[in-house]
Amino acid sequence: MAKTHTCIVNTLSFNLQKNLQTLKKLLPSEDILTYEFETEDKVSCALVYADGMVNKELLGELIAKPLSTLILKNEGGRDKTNEQKIQTTARFPELKTAETFEDILPEILDGNTLLLVDKIATGFIAGAKLLPVRAVIEPPTDIAVKGPREGFIEDVKTNMALVRKRLKTPDLRFQTIKVGRRSDTAVAICWLQGTSSDKVKEEIVQKIQAIDIDNIPDSSYIAAFLAPRTHSVFRSVGTTEKPDIFTAKISEGRVGVLVDGSPIALTVPFLLTEDFQSSEDYFISPFMATIFRAMRFIALFVSIFLPAFYVSAQLFKMQLLPLGLMLTIASGVRELPLSPSMEMFVVLLLLEILKEASIRMPKYVGMSLSVVGALVLGETAVSAGFLSTPAIIVVALSGICLYTVPDFVETGSILRWVYLIVAGSLGPFGIVLLSTFLLVYLVSCDSYGTPLLAPFSPLIRGDLRDTIAKYGMESLSKRPVILRSKNKTRLSTAQKNTQETTQKNTQNGGETDA
């Protein structure tokens with residue numbers, strides 16, 4: 001566990017003022033405040049806390065006010081009677097003790113409050129946090145027409161509660177690890193005991209404990225350390241902002257990671273087919289879910305290969321295009337000053353610049369910028385003979401198709417550039433060669449022992465029921481085999497048989513009535 005300060009380990013003194021002076025030296029910042037008061041028999045007490053991180057009203061009602069009417073013994077020293085009386089009088093649900101400054105400092109910096117009493121060499125830690133957090137709302141990156149609207153926020157305790165709310169079982173376990181020499185960020189590892197793989201969980205714990213860095217501002221830092229291949233174009237750690245998706249993946253046998261300060265949760269192992277799945281797929285009919293997933297797969301294929309195919313057809317094999325389309329393209333690019341490869345490169349670059357600018361600009365400016373860039377700039381470039389209309393249509397279609405799979409946008413953009421370069425250099429042969437290389441690479445990739453292309457490679461027929469094709473819930477009675485879950489049953493056989501019997505009785509009843 002990373003420590004916030006490398007201070008000298010020393011115990012508290014029996015003198016209150018001496019303890020306060022030591023704390024002031026260790027925490028000299030102006031936002032570390034001290035509130036001093038006395039008990040009824042004039043014994044000095046002090047509350048030490050970080051301003052803006054505690055509930056002051058709660059401290060006054062449950063600690064300062066009750067203790068101000070308390071009568072303590074005058075003996076002090078090693079007598080534990082006064083400590084017991086303070087713990088009994090302070091009507092606080094979260095109250096623990098600490099005797100060293102090494103244990104006290106992280107608690108104060110974490111938002112807890114320290115209670116010190118004169119003639120008592122023990123500090124009392126009260127969990128009176130009141131951290132500034134935003135409300136639980138629908139995440140902007142994963143909006144669904146049907147399904148839950150709740151999303152994770154930047155507070156790890158709230159996120160853990162959202163998970164516990166959906167998995168009310170004693171098998172749900174959390175293990176919190178502090179990471180970051182200066183940030184001391186809480187990282188909560190989440191799993192279902194008896195369902196998730198112990199080997200995967202232990203490997204994740206070891207990797208997180210081995211992280212030695214100053215600051216962890218977001219879960220993407222943790223994902224970088226958890227990724228088996230740090231320089232891979234394809235990600236091997238799943239991400240989500242929705243508790244319902246997170247708990248569903250945990251229930252399948254994955255291990256989750258929640259990071260304080262980040263609304264994005266991590267899940268491992270990760271399968272490439274997860275990018276084509278949406279939470280809405282499980283709230284609509286399996287038939288429609290299968291159609292939507294197939295559309296995403298086709299759209300992604302079109303997004304990556306269409307610009308490369310367009311360029312290779314112009315440079316190497318114009319016969320690949322239908323005659324009418326070939327004549328239209330030939331008439332449109334006849335007097336262009338740029339080669340097909342350079343033209344497509346320029347249009348793709350303009351698309352990426354417009355996308356980046358619209359994201360970084362304020363919303364009311366970003367919309368206008370997109371309209372100006374797409375209409376005015378594009379139309380002017382075509383009218384001036386700098387770009388061709390077919391190239392703009394190809395890039396626009398490629399960009400729209402790519403955003404049907406939001407989690408694959410970064411990887412898809414990189415692959416689109418690589419395919420464009422290869423197509424302009426080697427033509428159709430280069431596209432086939434690069435596709436073969438990527439396929440071999442994907443087959444060799446894995447995420448914590450789970451192949452990235454599973455269940456297609458290796459082929460696991462039972463797991464194919466929730467990939468591109470979506471079967472009904474009655475067909476998903478077993479958890480994915482590839483995740484090596486210890487508890488393989490998801491839907492009990494008795495429940496499944498009951499449903500089948502009910503369906504048969506309904507059909508028989510319908511035939512009798514007829």
# chains A, B, ... in the order shown; residues from 1 in each chain; ligands from 1
$ residues_around --residues "Arg134 (chain A)" --least-positions-apart "6" --cutoff "9 Å" --atoms "only C-alpha atoms" --output "short mmCIF file (atom, residue, chain, number, x, y, z; two decimals) with N, CA and C atoms, in the first residue's frame"
data_model
loop_
_atom_site.label_atom_id
_atom_site.label_comp_id
_atom_site.auth_asym_id
_atom_site.auth_seq_id
_atom_site.Cartn_x
_atom_site.Cartn_y
_atom_site.Cartn_z
N ILE A 153 -20.19 7.28 -11.12
CA ILE A 153 -19.68 8.63 -10.92
C ILE A 153 -18.24 8.54 -10.45
N GLU A 154 -17.68 9.69 -10.01
CA GLU A 154 -16.26 9.74 -9.65
C GLU A 154 -15.98 9.31 -8.22
N ASP A 155 -16.96 8.86 -7.48
CA ASP A 155 -16.77 8.43 -6.10
C ASP A 155 -16.82 6.91 -6.03
#
$ residues_around --residues "Ser183 (chain A)" --least-positions-apart "4" --cutoff "7 Å" --atoms "only C-alpha atoms" --output "JSON, numbers by chain"
{"A": [214, 215, 216]}
$ write_last_selection --atoms "C-alpha atoms" --output "compact mmCIF listing (two decimals), in the first residue's frame"
# COMPACT_ATOMS: atom_id res chain seq x y z
CA ASP A 214 2.89 9.39 -8.14
CA ASN A 215 -0.71 9.93 -9.22
CA ILE A 216 -3.67 7.91 -10.52
$ select_by_dssp --residues "region 419-460 of chain A" --states "strand (DSSP E)" --output "list in words"
Asp446, Ser447, Thr450 and Pro451 of chain A
$ residues_around --residues "region 195-197 of chain A" --least-positions-apart "2" --cutoff "12 Å" --atoms "only C-alpha atoms" --output "JSON, numbers by chain"
{"A": [171, 172, 173, 189, 190, 191, 192, 193, 199, 200, 201, 202, 203, 204, 249, 250, 251, 252, 253, 254, 255, 256, 267, 268, 269, 448, 449, 450, 478, 479, 480, 481, 482, 483, 484, 485, 486, 487, 488, 489, 490]}
$ residues_around --residues "Ala90 (chain A)" --least-positions-apart "3" --cutoff "12 Å" --atoms "only C-alpha atoms" --output "CSV table (one decimal) with C-alpha atoms, in the first residue's frame"
chain,number,residue,atom,x,y,z
A,58,LEU,CA,-22.5,16.1,11.7
A,59,LEU,CA,-19.2,16.6,13.7
A,60,GLY,CA,-20.9,19.2,15.9
A,61,GLU,CA,-24.0,17.1,16.6
A,62,LEU,CA,-22.4,13.7,17.1
A,63,ILE,CA,-19.0,14.5,18.6
A,64,ALA,CA,-18.4,18.1,19.8
A,65,LYS,CA,-21.8,18.5,21.5
A,66,PRO,CA,-21.9,15.2,23.3
A,67,LEU,CA,-18.3,15.4,24.5
A,68,SER,CA,-18.8,19.0,25.8
A,69,THR,CA,-21.1,17.5,28.5
A,70,LEU,CA,-18.8,14.7,29.4
A,83,GLU,CA,-11.1,6.1,25.9
A,84,GLN,CA,-14.1,3.8,26.5
A,85,LYS,CA,-16.2,6.7,27.7
A,86,ILE,CA,-15.3,8.8,24.7
A,87,GLN,CA,-16.2,6.0,22.3
A,93,PRO,CA,-21.3,5.0,13.6
A,94,GLU,CA,-17.8,5.0,12.1
A,95,LEU,CA,-15.2,5.5,14.9
A,96,LYS,CA,-11.8,3.8,15.1
A,115,LEU,CA,-10.4,13.7,17.5
A,124,PHE,CA,-10.1,8.8,17.3
A,125,ILE,CA,-10.9,8.7,13.6
A,126,ALA,CA,-14.4,9.6,12.6
$ residues_around --residues "Ala121 (chain A)" --least-positions-apart "2" --cutoff "7 Å" --atoms "only C-alpha atoms" --output "number ranges by chain"
A: 12-14, 99, 119, 123
$ write_last_selection --atoms "N, CA and C atoms" --output "mmCIF file, in the first residue's frame"
data_model
loop_
_atom_site.group_PDB
_atom_site.id
_atom_site.type_symbol
_atom_site.label_atom_id
_atom_site.label_comp_id
_atom_site.auth_asym_id
_atom_site.auth_seq_id
_atom_site.Cartn_x
_atom_site.Cartn_y
_atom_site.Cartn_z
ATOM 1 N N LEU A 12 1.514 9.100 19.302
ATOM 2 C CA LEU A 12 0.918 10.305 19.866
ATOM 3 C C LEU A 12 1.405 10.536 21.286
ATOM 4 N N SER A 13 1.447 11.804 21.658
ATOM 5 C CA SER A 13 1.839 12.187 23.014
ATOM 6 C C SER A 13 0.593 12.328 23.889
ATOM 7 N N PHE A 14 0.785 12.350 25.222
ATOM 8 C CA PHE A 14 -0.320 12.584 26.141
ATOM 9 C C PHE A 14 -0.669 14.071 26.215
ATOM 10 N N GLU A 99 -2.839 5.281 16.923
ATOM 11 C CA GLU A 99 -1.869 5.737 17.905
ATOM 12 C C GLU A 99 -0.590 6.280 17.292
ATOM 13 N N LYS A 119 -4.299 14.374 27.583
ATOM 14 C CA LYS A 119 -3.963 13.291 28.506
ATOM 15 C C LYS A 119 -4.336 11.903 27.981
ATOM 16 N N GLY A 123 -5.676 8.645 19.178
ATOM 17 C CA GLY A 123 -6.522 9.465 18.317
ATOM 18 C C GLY A 123 -7.745 8.692 17.875
#
$ decode --residues "region 42-96 of chain A" --atoms "C-alpha atoms" --output "PDB file, in the first residue's frame"
ATOM      1  CA  LYS A  42     -12.364  21.514  31.312  1.00  0.00           C
ATOM      2  CA  VAL A  43     -10.442  18.762  29.512  1.00  0.00           C
ATOM      3  CA  SER A  44      -9.192  20.136  26.181  1.00  0.00           C
ATOM      4  CA  CYS A  45     -10.247  18.371  22.933  1.00  0.00           C
ATOM      5  CA  ALA A  46      -9.554  19.110  19.273  1.00  0.00           C
ATOM      6  CA  LEU A  47     -10.970  18.071  15.903  1.00  0.00           C
ATOM      7  CA  VAL A  48      -8.531  18.082  12.975  1.00  0.00           C
ATOM      8  CA  TYR A  49      -9.904  17.830   9.439  1.00  0.00           C
ATOM      9  CA  ALA A  50      -9.445  18.940   5.835  1.00  0.00           C
ATOM     10  CA  ASP A  51     -11.684  21.861   4.975  1.00  0.00           C
ATOM     11  CA  GLY A  52     -14.359  21.115   2.379  1.00  0.00           C
ATOM     12  CA  MET A  53     -14.123  17.336   2.809  1.00  0.00           C
ATOM     13  CA  VAL A  54     -16.114  16.754   6.024  1.00  0.00           C
ATOM     14  CA  ASN A  55     -19.654  17.245   7.272  1.00  0.00           C
ATOM     15  CA  LYS A  56     -19.133  19.922   9.931  1.00  0.00           C
ATOM     16  CA  GLU A  57     -22.740  19.814  11.097  1.00  0.00           C
ATOM     17  CA  LEU A  58     -22.466  16.087  11.722  1.00  0.00           C
ATOM     18  CA  LEU A  59     -19.236  16.561  13.675  1.00  0.00           C
ATOM     19  CA  GLY A  60     -20.868  19.169  15.869  1.00  0.00           C
ATOM     20  CA  GLU A  61     -23.992  17.138  16.610  1.00  0.00           C
ATOM     21  CA  LEU A  62     -22.401  13.704  17.118  1.00  0.00           C
ATOM     22  CA  ILE A  63     -18.959  14.532  18.583  1.00  0.00           C
ATOM     23  CA  ALA A  64     -18.422  18.089  19.825  1.00  0.00           C
ATOM     24  CA  LYS A  65     -21.843  18.547  21.458  1.00  0.00           C
ATOM     25  CA  PRO A  66     -21.947  15.183  23.329  1.00  0.00           C
ATOM     26  CA  LEU A  67     -18.329  15.439  24.493  1.00  0.00           C
ATOM     27  CA  SER A  68     -18.832  18.995  25.813  1.00  0.00           C
ATOM     28  CA  THR A  69     -21.119  17.541  28.506  1.00  0.00           C
ATOM     29  CA  LEU A  70     -18.781  14.665  29.369  1.00  0.00           C
ATOM     30  CA  ILE A  71     -16.868  14.393  32.654  1.00  0.00           C
ATOM     31  CA  LEU A  72     -13.543  12.572  32.301  1.00  0.00           C
ATOM     32  CA  LYS A  73     -11.302  11.183  34.997  1.00  0.00           C
ATOM     33  CA  ASN A  74      -8.266  13.266  35.836  1.00  0.00           C
ATOM     34  CA  GLU A  75      -5.865  10.313  35.948  1.00  0.00           C
ATOM     35  CA  GLY A  76      -5.175  10.175  32.175  1.00  0.00           C
ATOM     36  CA  GLY A  77      -2.031   8.237  31.337  1.00  0.00           C
ATOM     37  CA  ARG A  78      -2.507   4.625  30.340  1.00  0.00           C
ATOM     38  CA  ASP A  79      -5.965   4.354  31.851  1.00  0.00           C
ATOM     39  CA  LYS A  80      -8.377   3.056  29.175  1.00  0.00           C
ATOM     40  CA  THR A  81     -11.514   4.180  30.998  1.00  0.00           C
ATOM     41  CA  ASN A  82     -11.554   7.608  29.390  1.00  0.00           C
ATOM     42  CA  GLU A  83     -11.092   6.106  25.933  1.00  0.00           C
ATOM     43  CA  GLN A  84     -14.061   3.824  26.474  1.00  0.00           C
ATOM     44  CA  LYS A  85     -16.187   6.723  27.740  1.00  0.00           C
ATOM     45  CA  ILE A  86     -15.310   8.821  24.656  1.00  0.00           C
ATOM     46  CA  GLN A  87     -16.189   5.991  22.277  1.00  0.00           C
ATOM     47  CA  THR A  88     -19.477   5.474  24.096  1.00  0.00           C
ATOM     48  CA  THR A  89     -20.392   9.167  24.282  1.00  0.00           C
ATOM     49  CA  ALA A  90     -19.515  10.067  20.691  1.00  0.00           C
ATOM     50  CA  ARG A  91     -22.636   8.945  18.850  1.00  0.00           C
ATOM     51  CA  PHE A  92     -20.772   8.203  15.644  1.00  0.00           C
ATOM     52  CA  PRO A  93     -21.290   5.006  13.607  1.00  0.00           C
ATOM     53  CA  GLU A  94     -17.755   5.048  12.127  1.00  0.00           C
ATOM     54  CA  LEU A  95     -15.215   5.543  14.897  1.00  0.00           C
ATOM     55  CA  LYS A  96     -11.834   3.839  15.118  1.00  0.00           C
TER      56      LYS A  96
END
